[in-house]
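Printed here is model.cif (mmCIF, C-alpha atoms and all ligand atoms):
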```cif
data_entry
loop_
_atom_site.group_PDB
_atom_site.id
_atom_site.type_symbol
_atom_site.label_atom_id
_atom_site.label_comp_id
_atom_site.auth_asym_id
_atom_site.auth_seq_id
_atom_site.Cartn_x
_atom_site.Cartn_y
_atom_site.Cartn_z
ATOM 1 C CA MET Z 142 118.837 98.777 84.234
ATOM 2 C CA ALA Z 143 120.789 100.958 86.650
ATOM 3 C CA SER Z 144 120.954 99.613 90.153
ATOM 4 C CA LEU Z 145 117.791 100.112 92.082
ATOM 5 C CA THR Z 146 117.803 101.836 95.443
ATOM 6 C CA ARG Z 147 115.323 101.093 98.152
ATOM 7 C CA SER Z 148 114.550 103.096 101.256
ATOM 8 C CA LEU Z 149 111.595 103.177 103.567
ATOM 9 C CA ALA Z 150 109.626 106.441 103.300
ATOM 10 C CA VAL Z 151 107.331 106.083 106.282
ATOM 11 C CA LEU Z 152 103.730 107.153 105.575
ATOM 12 C CA GLU Z 153 102.525 110.081 107.614
ATOM 13 C CA SER Z 154 99.716 107.932 108.870
ATOM 14 C CA PRO Z 155 99.938 104.199 108.258
ATOM 15 C CA ALA Z 156 97.140 102.898 106.030
ATOM 16 C CA LYS Z 157 94.892 100.287 107.622
ATOM 17 C CA LEU Z 158 93.276 98.257 104.870
ATOM 18 C CA ALA Z 159 91.017 95.229 104.955
ATOM 19 C CA GLY Z 160 89.180 93.163 102.399
ATOM 20 C CA THR Z 161 88.742 89.814 100.755
ATOM 21 C CA VAL Z 162 91.561 87.916 99.040
ATOM 22 C CA VAL Z 163 90.579 87.509 95.382
ATOM 23 C CA HIS Z 164 91.988 85.544 92.469
ATOM 24 C CA GLY Z 165 94.427 87.153 90.065
ATOM 25 C CA PHE Z 166 96.073 85.478 87.100
ATOM 26 C CA GLY Z 167 97.679 82.889 89.341
ATOM 27 C CA ARG Z 168 101.146 83.678 88.069
ATOM 28 C CA GLY Z 169 102.660 85.062 91.281
ATOM 29 C CA SER Z 170 103.549 81.645 92.529
ATOM 30 C CA ALA Z 171 103.471 79.815 89.210
ATOM 31 C CA GLN Z 172 105.738 82.073 87.132
ATOM 32 C CA LEU Z 173 107.586 84.083 89.707
ATOM 33 C CA GLY Z 174 107.821 81.899 92.783
ATOM 34 C CA PHE Z 175 106.203 84.516 95.025
ATOM 35 C CA PRO Z 176 102.517 84.166 95.891
ATOM 36 C CA THR Z 177 100.769 87.511 96.250
ATOM 37 C CA ALA Z 178 97.399 87.751 97.954
ATOM 38 C CA ASN Z 179 95.342 90.130 95.791
ATOM 39 C CA LEU Z 180 93.089 92.436 97.781
ATOM 40 C CA CYS Z 181 89.570 92.992 96.473
ATOM 41 C CA ILE Z 182 89.111 96.548 95.207
ATOM 42 C CA ASN Z 183 85.608 97.879 94.605
ATOM 43 C CA TRP Z 184 85.905 100.171 91.557
ATOM 44 C CA ALA Z 185 82.370 101.532 91.801
ATOM 45 C CA GLU Z 186 82.281 105.135 90.639
ATOM 46 C CA LYS Z 187 79.877 106.413 93.247
ATOM 47 C CA ALA Z 188 81.495 106.767 96.635
ATOM 48 C CA ASP Z 189 78.214 106.013 98.390
ATOM 49 C CA ALA Z 190 78.208 102.546 96.816
ATOM 50 C CA LEU Z 191 81.262 101.680 98.897
ATOM 51 C CA THR Z 192 81.478 100.465 102.465
ATOM 52 C CA ALA Z 193 83.819 102.382 104.757
ATOM 53 C CA GLU Z 194 86.383 99.618 104.364
ATOM 54 C CA GLU Z 195 86.106 99.636 100.571
ATOM 55 C CA ARG Z 196 86.457 103.406 100.596
ATOM 56 C CA ASP Z 197 89.704 103.161 102.538
ATOM 57 C CA VAL Z 198 91.084 100.699 99.990
ATOM 58 C CA ARG Z 199 90.025 102.949 97.097
ATOM 59 C CA THR Z 200 91.478 106.042 98.736
ATOM 60 C CA PHE Z 201 94.755 104.219 99.201
ATOM 61 C CA VAL Z 202 94.977 102.934 95.652
ATOM 62 C CA ASP Z 203 93.804 106.226 94.126
ATOM 63 C CA SER Z 204 96.045 108.527 96.127
ATOM 64 C CA ASN Z 205 99.334 106.678 96.582
ATOM 65 C CA ARG Z 206 101.976 106.156 93.949
ATOM 66 C CA THR Z 207 102.475 102.782 92.357
ATOM 67 C CA GLY Z 208 105.330 100.701 93.665
ATOM 68 C CA ILE Z 209 106.419 98.520 96.532
ATOM 69 C CA TYR Z 210 105.346 99.161 100.106
ATOM 70 C CA ALA Z 211 106.312 97.567 103.410
ATOM 71 C CA ALA Z 212 103.379 96.384 105.487
ATOM 72 C CA TRP Z 213 102.176 94.063 108.206
ATOM 73 C CA ALA Z 214 99.333 91.666 107.484
ATOM 74 C CA GLN Z 215 97.084 89.059 108.977
ATOM 75 C CA VAL Z 216 94.745 86.520 107.412
ATOM 76 C CA ALA Z 217 92.058 87.571 109.843
ATOM 77 C CA THR Z 218 89.726 84.641 109.194
ATOM 78 C CA GLY Z 219 92.436 82.030 108.810
ATOM 79 C CA GLU Z 220 93.676 79.278 111.092
ATOM 80 C CA ASP Z 221 96.977 81.123 111.316
ATOM 81 C CA ARG Z 222 96.102 84.595 112.562
ATOM 82 C CA GLY Z 223 99.707 85.652 113.007
ATOM 83 C CA VAL Z 224 100.739 89.119 111.895
ATOM 84 C CA TYR Z 225 103.521 88.861 109.335
ATOM 85 C CA LYS Z 226 105.773 91.189 107.404
ATOM 86 C CA VAL Z 227 104.738 91.949 103.844
ATOM 87 C CA ALA Z 228 106.249 93.241 100.628
ATOM 88 C CA MET Z 229 103.202 94.793 98.989
ATOM 89 C CA SER Z 230 102.906 95.920 95.406
ATOM 90 C CA VAL Z 231 100.474 98.529 94.157
ATOM 91 C CA GLY Z 232 100.188 99.040 90.443
ATOM 92 C CA TRP Z 233 99.934 97.679 86.966
ATOM 93 C CA ASN Z 234 102.393 94.781 86.869
ATOM 94 C CA PRO Z 235 104.109 96.334 83.827
ATOM 95 C CA HIS Z 236 106.077 93.200 83.027
ATOM 96 C CA PHE Z 237 102.872 91.537 81.910
ATOM 97 C CA GLY Z 238 101.114 94.625 80.573
ATOM 98 C CA ASP Z 239 97.612 93.202 80.645
ATOM 99 C CA LEU Z 240 95.879 94.787 83.618
ATOM 100 C CA GLU Z 241 92.904 97.078 83.171
ATOM 101 C CA ARG Z 242 92.958 98.130 86.796
ATOM 102 C CA LYS Z 243 95.644 98.546 89.387
ATOM 103 C CA THR Z 244 96.034 95.776 91.916
ATOM 104 C CA ILE Z 245 97.108 95.649 95.539
ATOM 105 C CA GLU Z 246 99.080 92.462 96.103
ATOM 106 C CA ALA Z 247 100.556 91.321 99.395
ATOM 107 C CA TRP Z 248 103.430 88.856 99.508
ATOM 108 C CA LEU Z 249 103.336 87.739 103.130
ATOM 109 C CA LEU Z 250 106.858 86.827 104.170
ATOM 110 C CA HIS Z 251 105.744 83.657 105.856
ATOM 111 C CA ASP Z 252 105.126 80.103 104.775
ATOM 112 C CA PHE Z 253 101.406 79.315 105.080
ATOM 113 C CA GLY Z 254 101.120 75.672 103.882
ATOM 114 C CA ALA Z 255 97.780 76.434 102.118
ATOM 115 C CA ASP Z 256 95.991 79.021 100.035
ATOM 116 C CA PHE Z 257 93.672 81.528 101.687
ATOM 117 C CA TYR Z 258 91.488 82.776 98.863
ATOM 118 C CA ASP Z 259 88.191 84.383 99.997
ATOM 119 C CA ARG Z 260 89.569 84.966 103.474
ATOM 120 C CA ARG Z 261 89.688 88.374 105.031
ATOM 121 C CA LEU Z 262 93.077 90.069 104.864
ATOM 122 C CA LYS Z 263 94.072 92.963 107.085
ATOM 123 C CA LEU Z 264 97.027 95.167 106.230
ATOM 124 C CA VAL Z 265 98.830 98.031 107.903
ATOM 125 C CA VAL Z 266 100.934 99.756 105.267
ATOM 126 C CA VAL Z 267 103.802 101.559 106.961
ATOM 127 C CA GLY Z 268 105.954 102.927 104.174
ATOM 128 C CA PHE Z 269 106.891 103.268 100.526
ATOM 129 C CA VAL Z 270 109.975 101.361 99.354
ATOM 130 C CA ARG Z 271 110.460 101.980 95.622
ATOM 131 C CA PRO Z 272 108.483 102.954 92.544
ATOM 132 C CA GLU Z 273 106.980 100.379 90.226
ATOM 133 C CA LEU Z 274 109.411 99.630 87.404
ATOM 134 C CA LYS Z 275 109.421 97.615 84.238
ATOM 135 C CA PHE Z 276 112.365 95.239 84.186
ATOM 136 C CA ASP Z 277 114.138 93.891 81.127
ATOM 137 C CA SER Z 278 113.521 90.238 81.825
ATOM 138 C CA LEU Z 279 111.570 87.855 83.991
ATOM 139 C CA ASP Z 280 114.825 86.848 85.703
ATOM 140 C CA GLU Z 281 115.476 90.441 86.667
ATOM 141 C CA LEU Z 282 111.914 90.866 87.930
ATOM 142 C CA ILE Z 283 112.281 87.761 90.094
ATOM 143 C CA LYS Z 284 115.613 88.977 91.480
ATOM 144 C CA GLU Z 285 114.121 92.375 92.365
ATOM 145 C CA ILE Z 286 111.013 90.924 94.015
ATOM 146 C CA GLN Z 287 113.294 88.769 96.147
ATOM 147 C CA ALA Z 288 115.265 91.906 97.042
ATOM 148 C CA ASP Z 289 111.997 93.724 97.891
ATOM 149 C CA GLY Z 290 111.177 90.920 100.308
ATOM 150 C CA ASP Z 291 114.620 91.048 101.895
ATOM 151 C CA PHE Z 292 114.419 94.818 102.184
ATOM 152 C CA CYS Z 293 110.949 94.824 103.783
ATOM 153 C CA ARG Z 294 111.932 92.063 106.197
ATOM 154 C CA GLY Z 295 114.894 94.131 107.382
ATOM 155 C CA ALA Z 296 113.153 97.510 107.391
ATOM 156 C CA LEU Z 297 110.244 96.249 109.481
ATOM 157 C CA ASP Z 298 112.687 94.985 112.107
ATOM 158 C CA ASP Z 299 113.257 98.577 113.111
ATOM 159 C CA PRO Z 300 111.864 99.068 116.635
ATOM 160 C CA SER Z 301 109.689 101.946 115.404
ATOM 161 C CA HIS Z 302 107.517 99.418 113.538
ATOM 162 C CA ALA Z 303 107.434 96.760 116.235
ATOM 163 C CA ARG Z 304 104.148 97.893 117.768
ATOM 164 C CA TRP Z 305 102.002 96.913 114.815
ATOM 165 C CA PRO Z 306 101.622 93.173 115.386
ATOM 166 C CA GLY Z 307 100.106 94.033 118.791
ATOM 167 C CA ASP Z 308 97.835 96.774 117.476
ATOM 168 C CA PRO Z 309 94.099 96.482 118.289
ATOM 169 C CA PHE Z 310 93.400 96.544 114.535
ATOM 170 C CA PHE Z 311 94.676 92.969 114.355
ATOM 171 C CA ALA Z 312 92.880 91.859 117.517
ATOM 172 C CA ALA Z 313 89.378 92.824 116.397
HETATM 173 P P1 LIG R 1 96.712 85.070 92.238
HETATM 174 O O1 LIG R 1 97.137 85.628 90.901
HETATM 175 O O2 LIG R 1 95.386 84.379 92.190
HETATM 176 O O3 LIG R 1 96.817 86.115 93.303
HETATM 177 P P2 LIG R 1 99.198 83.943 93.203
HETATM 178 O O4 LIG R 1 100.047 82.988 92.425
HETATM 179 O O5 LIG R 1 99.687 85.355 93.359
HETATM 180 O O6 LIG R 1 97.759 83.904 92.584
HETATM 181 O O7 LIG R 1 99.006 83.268 94.611
HETATM 182 C C1 LIG R 1 98.318 83.991 95.602
HETATM 183 C C2 LIG R 1 97.590 83.111 96.591
HETATM 184 O O8 LIG R 1 98.503 82.234 97.268
HETATM 185 C C3 LIG R 1 96.999 83.970 97.679
HETATM 186 O O9 LIG R 1 95.699 84.446 97.298
HETATM 187 C C4 LIG R 1 96.922 83.020 98.863
HETATM 188 O O10 LIG R 1 95.692 82.330 98.854
HETATM 189 C C5 LIG R 1 98.069 82.046 98.597
HETATM 190 N N1 LIG R 1 99.245 82.231 99.469
HETATM 191 C C6 LIG R 1 99.859 81.221 100.128
HETATM 192 N N2 LIG R 1 100.910 81.682 100.825
HETATM 193 C C7 LIG R 1 100.967 83.010 100.609
HETATM 194 C C8 LIG R 1 101.859 84.044 101.074
HETATM 195 N N3 LIG R 1 102.880 83.775 101.893
HETATM 196 N N4 LIG R 1 101.631 85.319 100.664
HETATM 197 C C9 LIG R 1 100.608 85.587 99.832
HETATM 198 N N5 LIG R 1 99.734 84.669 99.359
HETATM 199 C C10 LIG R 1 99.910 83.372 99.738
HETATM 200 MG MG MG R 2 98.598 87.316 93.352
#
```

Write the structure described by the file as structure tokens, please.
Amino acid sequence: MASLTRSLAVLESPAKLAGTVVHGFGRGSAQLGFPTANLCINWAEKADALTAEERDVRTFVDSNRTGIYAAWAQVATGEDRGVYKVAMSVGWNPHFGDLERKTIEAWLLHDFGADFYDRRLKLVVVGFVRPELKFDSLDELIKEIQADGDFCRGALDDPSHARWPGDPFFAA
């Protein structure tokens, strides 16, 4: 595959998302070495069946392109309520090719010592980094996810993104 370029395309208005951390296939950490907290998405067809929060998540996943995003996140009901940088993926996980629905998965660039399934996760998505791609091998996928993490870590250091950890959204 030709070399992949990353750049941060800042969203016109950052997306504030919240929801429960659900189980996926468990392969993020097992097969890839990167745990990704999967955000619950309510796929109900009728908009009035959704809470305001669920609607925001659906709007995000329905209206933004698949790929990698840079975000800030907090495990809002965890012991560690720090706000950490995130490499977030939105899409189909084409390497595995077995999803019926898109997922939103947040790799928090922080070492939490324990799982946080069923906890409430809050995310502020600040920008798009690269489209979702199918790589030729698992090794290549792993290398690119690592590079996504490095890129997001660096990009979020820009002073223009520094206000988010102190935003009232994470204090509520
Ligand atoms: P699943 O397929 O169930 O999402 P993963 O292998 O992707 O499984 O692991 C994700 C889980 O790991 C998260 O739901 C969370 O409970 C835990 N976890 C621990 N540390 C992190 C982290 N730094 N970022 C994301 N999830 C983490
Ligand atoms: Mg996961």

Expansion of the PyMOL selection byres (((chain Z and resi 261) around 6) and not hetatm) into residues, as a list in words:
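Listing what the PyMOL selection byres (((chain Z and resi 261) around 6) and not hetatm) selects in the shown file: Gly160, Thr161, Val216, Ala217, Thr218, Arg260 and Leu262 of chain Z.
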
To test the calculation: enclose all listed atoms of ligand LIG 1 (chain R) in a box whose edges run along x, y and z, add 5 Å on each side, then state centre and edge lengths in Å to one decimal, as JSON.
```
{"center_x": 99.1, "center_y": 83.7, "center_z": 96.4, "size_x": 17.5, "size_y": 14.9, "size_z": 21.0}
```

Which of these residues is nearest to Arg304 in chain Z, using all atoms listed in the file: Z:Trp213, Z:Phe201, Z:Glu273, Z:Phe292?
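The shortest atom-to-atom distance to Arg304 in chain Z comes from Z:Trp213.
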
Quick one: which chain Z residues come within 12 Å of ligand LIG 1 (chain R), and what is the nearest atom pair for each with the distance in Å to one decimal, counting only C-alpha atoms and all ligand atoms, rows ordered by chain and ascending number, as JSON lines?
```
{"residue": "Z:Thr161", "atom": "CA", "partner": "R:LIG1", "partner_atom": "O9", "distance": 9.4}
{"residue": "Z:Val162", "atom": "CA", "partner": "R:LIG1", "partner_atom": "O9", "distance": 5.7}
{"residue": "Z:Val163", "atom": "CA", "partner": "R:LIG1", "partner_atom": "O9", "distance": 6.3}
{"residue": "Z:His164", "atom": "CA", "partner": "R:LIG1", "partner_atom": "O2", "distance": 3.6}
{"residue": "Z:Gly165", "atom": "CA", "partner": "R:LIG1", "partner_atom": "O1", "distance": 3.2}
{"residue": "Z:Phe166", "atom": "CA", "partner": "R:LIG1", "partner_atom": "O1", "distance": 3.9}
{"residue": "Z:Gly167", "atom": "CA", "partner": "R:LIG1", "partner_atom": "O1", "distance": 3.2}
{"residue": "Z:Arg168", "atom": "CA", "partner": "R:LIG1", "partner_atom": "O4", "distance": 4.5}
{"residue": "Z:Gly169", "atom": "CA", "partner": "R:LIG1", "partner_atom": "O4", "distance": 3.5}
{"residue": "Z:Ser170", "atom": "CA", "partner": "R:LIG1", "partner_atom": "O4", "distance": 3.8}
{"residue": "Z:Ala171", "atom": "CA", "partner": "R:LIG1", "partner_atom": "O4", "distance": 5.7}
{"residue": "Z:Gln172", "atom": "CA", "partner": "R:LIG1", "partner_atom": "O4", "distance": 7.8}
{"residue": "Z:Leu173", "atom": "CA", "partner": "R:LIG1", "partner_atom": "O4", "distance": 8.1}
{"residue": "Z:Gly174", "atom": "CA", "partner": "R:LIG1", "partner_atom": "O4", "distance": 7.9}
{"residue": "Z:Phe175", "atom": "CA", "partner": "R:LIG1", "partner_atom": "O5", "distance": 6.8}
{"residue": "Z:Pro176", "atom": "CA", "partner": "R:LIG1", "partner_atom": "O7", "distance": 3.8}
{"residue": "Z:Thr177", "atom": "CA", "partner": "R:LIG1", "partner_atom": "O5", "distance": 3.8}
{"residue": "Z:Ala178", "atom": "CA", "partner": "R:LIG1", "partner_atom": "O9", "distance": 3.8}
{"residue": "Z:Asn179", "atom": "CA", "partner": "R:LIG1", "partner_atom": "O3", "distance": 4.9}
{"residue": "Z:Leu180", "atom": "CA", "partner": "R:LIG1", "partner_atom": "O9", "distance": 8.4}
{"residue": "Z:Cys181", "atom": "CA", "partner": "R:LIG1", "partner_atom": "O3", "distance": 10.5}
{"residue": "Z:Trp213", "atom": "CA", "partner": "R:LIG1", "partner_atom": "N4", "distance": 11.6}
{"residue": "Z:Ala214", "atom": "CA", "partner": "R:LIG1", "partner_atom": "N4", "distance": 9.6}
{"residue": "Z:Gln215", "atom": "CA", "partner": "R:LIG1", "partner_atom": "N4", "distance": 10.2}
{"residue": "Z:Val216", "atom": "CA", "partner": "R:LIG1", "partner_atom": "C4", "distance": 9.5}
{"residue": "Z:Gly219", "atom": "CA", "partner": "R:LIG1", "partner_atom": "O10", "distance": 10.5}
{"residue": "Z:Asp221", "atom": "CA", "partner": "R:LIG1", "partner_atom": "N2", "distance": 11.2}
{"residue": "Z:Gly223", "atom": "CA", "partner": "R:LIG1", "partner_atom": "N3", "distance": 11.7}
{"residue": "Z:Val224", "atom": "CA", "partner": "R:LIG1", "partner_atom": "N3", "distance": 11.5}
{"residue": "Z:Tyr225", "atom": "CA", "partner": "R:LIG1", "partner_atom": "N3", "distance": 9.0}
{"residue": "Z:Lys226", "atom": "CA", "partner": "R:LIG1", "partner_atom": "N3", "distance": 9.7}
{"residue": "Z:Val227", "atom": "CA", "partner": "R:LIG1", "partner_atom": "N4", "distance": 8.0}
{"residue": "Z:Ala228", "atom": "CA", "partner": "R:LIG1", "partner_atom": "N4", "distance": 9.2}
{"residue": "Z:Met229", "atom": "CA", "partner": "R:LIG1", "partner_atom": "C9", "distance": 9.6}
{"residue": "Z:Ser230", "atom": "CA", "partner": "R:LIG1", "partner_atom": "O5", "distance": 11.2}
{"residue": "Z:Asn234", "atom": "CA", "partner": "R:LIG1", "partner_atom": "O1", "distance": 11.3}
{"residue": "Z:Leu240", "atom": "CA", "partner": "R:LIG1", "partner_atom": "O1", "distance": 11.8}
{"residue": "Z:Thr244", "atom": "CA", "partner": "R:LIG1", "partner_atom": "O3", "distance": 9.8}
{"residue": "Z:Ile245", "atom": "CA", "partner": "R:LIG1", "partner_atom": "O3", "distance": 9.8}
{"residue": "Z:Glu246", "atom": "CA", "partner": "R:LIG1", "partner_atom": "O3", "distance": 7.3}
{"residue": "Z:Ala247", "atom": "CA", "partner": "R:LIG1", "partner_atom": "C9", "distance": 5.8}
{"residue": "Z:Trp248", "atom": "CA", "partner": "R:LIG1", "partner_atom": "N4", "distance": 4.1}
{"residue": "Z:Leu249", "atom": "CA", "partner": "R:LIG1", "partner_atom": "N4", "distance": 3.9}
{"residue": "Z:Leu250", "atom": "CA", "partner": "R:LIG1", "partner_atom": "N3", "distance": 5.5}
{"residue": "Z:His251", "atom": "CA", "partner": "R:LIG1", "partner_atom": "N3", "distance": 4.9}
{"residue": "Z:Asp252", "atom": "CA", "partner": "R:LIG1", "partner_atom": "N3", "distance": 5.2}
{"residue": "Z:Phe253", "atom": "CA", "partner": "R:LIG1", "partner_atom": "N2", "distance": 4.9}
{"residue": "Z:Gly254", "atom": "CA", "partner": "R:LIG1", "partner_atom": "N2", "distance": 6.7}
{"residue": "Z:Ala255", "atom": "CA", "partner": "R:LIG1", "partner_atom": "C6", "distance": 5.6}
{"residue": "Z:Asp256", "atom": "CA", "partner": "R:LIG1", "partner_atom": "O10", "distance": 3.5}
{"residue": "Z:Phe257", "atom": "CA", "partner": "R:LIG1", "partner_atom": "O10", "distance": 3.6}
{"residue": "Z:Tyr258", "atom": "CA", "partner": "R:LIG1", "partner_atom": "O10", "distance": 4.2}
{"residue": "Z:Asp259", "atom": "CA", "partner": "R:LIG1", "partner_atom": "O10", "distance": 7.9}
{"residue": "Z:Arg260", "atom": "CA", "partner": "R:LIG1", "partner_atom": "O10", "distance": 8.1}
{"residue": "Z:Arg261", "atom": "CA", "partner": "R:LIG1", "partner_atom": "O10", "distance": 10.5}
{"residue": "Z:Leu262", "atom": "CA", "partner": "R:LIG1", "partner_atom": "O9", "distance": 9.8}
{"residue": "Z:Gly290", "atom": "CA", "partner": "R:LIG1", "partner_atom": "N3", "distance": 11.1}
```

Among Z:Val231, Z:Lys275, Z:Ala156, Z:Asp280, ligand MG 2 (chain R) is approached most closely, using all atoms listed in the file, by Z:Val231

Within 7 Å of (93.7, 100.3, 106.0) (file coordinates; only C-alpha atoms), which protein or nucleic acid residues are there? I'd like them as a list in words.
Ala156, Lys157, Leu158, Ala159, Asp197, Val198, Leu264 and Val265 of chain Z

Find, counting all atoms listed in the file, the residue in Z:Asp299, Z:Glu153, Z:Asp203, Z:Glu194 that gets nearest to Arg242 in chain Z.
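Under the stated criterion, the closest residue is Z:Asp203.
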
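Between atom MG of ligand MG 2 (chain R) and CA of Pro309 in chain Z lies a distance of 26.9 Å.
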
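Note that CA of Ser204 in chain Z and CA of Asp298 in chain Z are 26.8 Å apart.
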
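When you apply the PyMOL selection byres (((chain Z and resi 274) around 12) and not hetatm) to this structure, what comes back is Z:Met142, Z:Ala143, Z:Ser144, Z:Leu145, Z:Thr146, Z:Arg206, Z:Thr207, Z:Gly208, Z:Ile209, Z:Ser230, Z:Val231, Z:Gly232, Z:Trp233, Z:Asn234, Z:Pro235, Z:His236, Z:Phe237, Z:Gly238, Z:Arg271, Z:Pro272, Z:Glu273, Z:Lys275, Z:Phe276, Z:Asp277, Z:Ser278, Z:Glu281, Z:Leu282, Z:Glu285, Z:Ile286.
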
Take the residues that were just selected and, keeping C-alpha atoms, output them as a JSON list (two decimals), keeping the file's coordinate frame.
```json
[["chain", "number", "residue", "atom", "x", "y", "z"],
["Z", 142, "MET", "CA", 118.84, 98.78, 84.23],
["Z", 143, "ALA", "CA", 120.79, 100.96, 86.65],
["Z", 144, "SER", "CA", 120.95, 99.61, 90.15],
["Z", 145, "LEU", "CA", 117.79, 100.11, 92.08],
["Z", 146, "THR", "CA", 117.80, 101.84, 95.44],
["Z", 206, "ARG", "CA", 101.98, 106.16, 93.95],
["Z", 207, "THR", "CA", 102.48, 102.78, 92.36],
["Z", 208, "GLY", "CA", 105.33, 100.70, 93.66],
["Z", 209, "ILE", "CA", 106.42, 98.52, 96.53],
["Z", 230, "SER", "CA", 102.91, 95.92, 95.41],
["Z", 231, "VAL", "CA", 100.47, 98.53, 94.16],
["Z", 232, "GLY", "CA", 100.19, 99.04, 90.44],
["Z", 233, "TRP", "CA", 99.93, 97.68, 86.97],
["Z", 234, "ASN", "CA", 102.39, 94.78, 86.87],
["Z", 235, "PRO", "CA", 104.11, 96.33, 83.83],
["Z", 236, "HIS", "CA", 106.08, 93.20, 83.03],
["Z", 237, "PHE", "CA", 102.87, 91.54, 81.91],
["Z", 238, "GLY", "CA", 101.11, 94.62, 80.57],
["Z", 271, "ARG", "CA", 110.46, 101.98, 95.62],
["Z", 272, "PRO", "CA", 108.48, 102.95, 92.54],
["Z", 273, "GLU", "CA", 106.98, 100.38, 90.23],
["Z", 275, "LYS", "CA", 109.42, 97.62, 84.24],
["Z", 276, "PHE", "CA", 112.36, 95.24, 84.19],
["Z", 277, "ASP", "CA", 114.14, 93.89, 81.13],
["Z", 278, "SER", "CA", 113.52, 90.24, 81.82],
["Z", 281, "GLU", "CA", 115.48, 90.44, 86.67],
["Z", 282, "LEU", "CA", 111.91, 90.87, 87.93],
["Z", 285, "GLU", "CA", 114.12, 92.38, 92.36],
["Z", 286, "ILE", "CA", 111.01, 90.92, 94.02]]
```

Å distance separating CA of Asn205 in chain Z from CA of Leu152 in chain Z, one decimal place
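So the answer is 10.0 Å.
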
Pick out the residues sitting within 8 Å of Arg199 in chain Z, and hand them over as JSON, numbers by chain; count only C-alpha atoms, and ignore anything fewer than 5 positions along from it in its own chain.
{"Z": [182, 183, 184]}

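Residue nearest Ser148 in chain Z within the list Z:Ala296, Z:Val202, Z:Val270, Z:Leu279: Z:Val270 [criterion: smallest interatomic distance, all atoms listed in the file].
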
Which one is closest to Pro306 in chain Z: Z:Val151, Z:Ala193, Z:Ala212, Z:Ala185? Count all atoms listed in the file.
Z:Ala212

Applied to the shown file, which residues does the PyMOL selection byres (((chain Z and resi 268) around 7) and not hetatm) return, written as an mmCIF file with C-alpha atoms, in the coordinates of the input?
```cif
data_model
loop_
_atom_site.group_PDB
_atom_site.id
_atom_site.type_symbol
_atom_site.label_atom_id
_atom_site.label_comp_id
_atom_site.auth_asym_id
_atom_site.auth_seq_id
_atom_site.Cartn_x
_atom_site.Cartn_y
_atom_site.Cartn_z
ATOM 1 C CA LEU Z 149 111.595 103.177 103.567
ATOM 2 C CA ALA Z 150 109.626 106.441 103.300
ATOM 3 C CA VAL Z 151 107.331 106.083 106.282
ATOM 4 C CA LEU Z 152 103.730 107.153 105.575
ATOM 5 C CA TYR Z 210 105.346 99.161 100.106
ATOM 6 C CA ALA Z 211 106.312 97.567 103.410
ATOM 7 C CA VAL Z 266 100.934 99.756 105.267
ATOM 8 C CA VAL Z 267 103.802 101.559 106.961
ATOM 9 C CA PHE Z 269 106.891 103.268 100.526
ATOM 10 C CA VAL Z 270 109.975 101.361 99.354
#
```
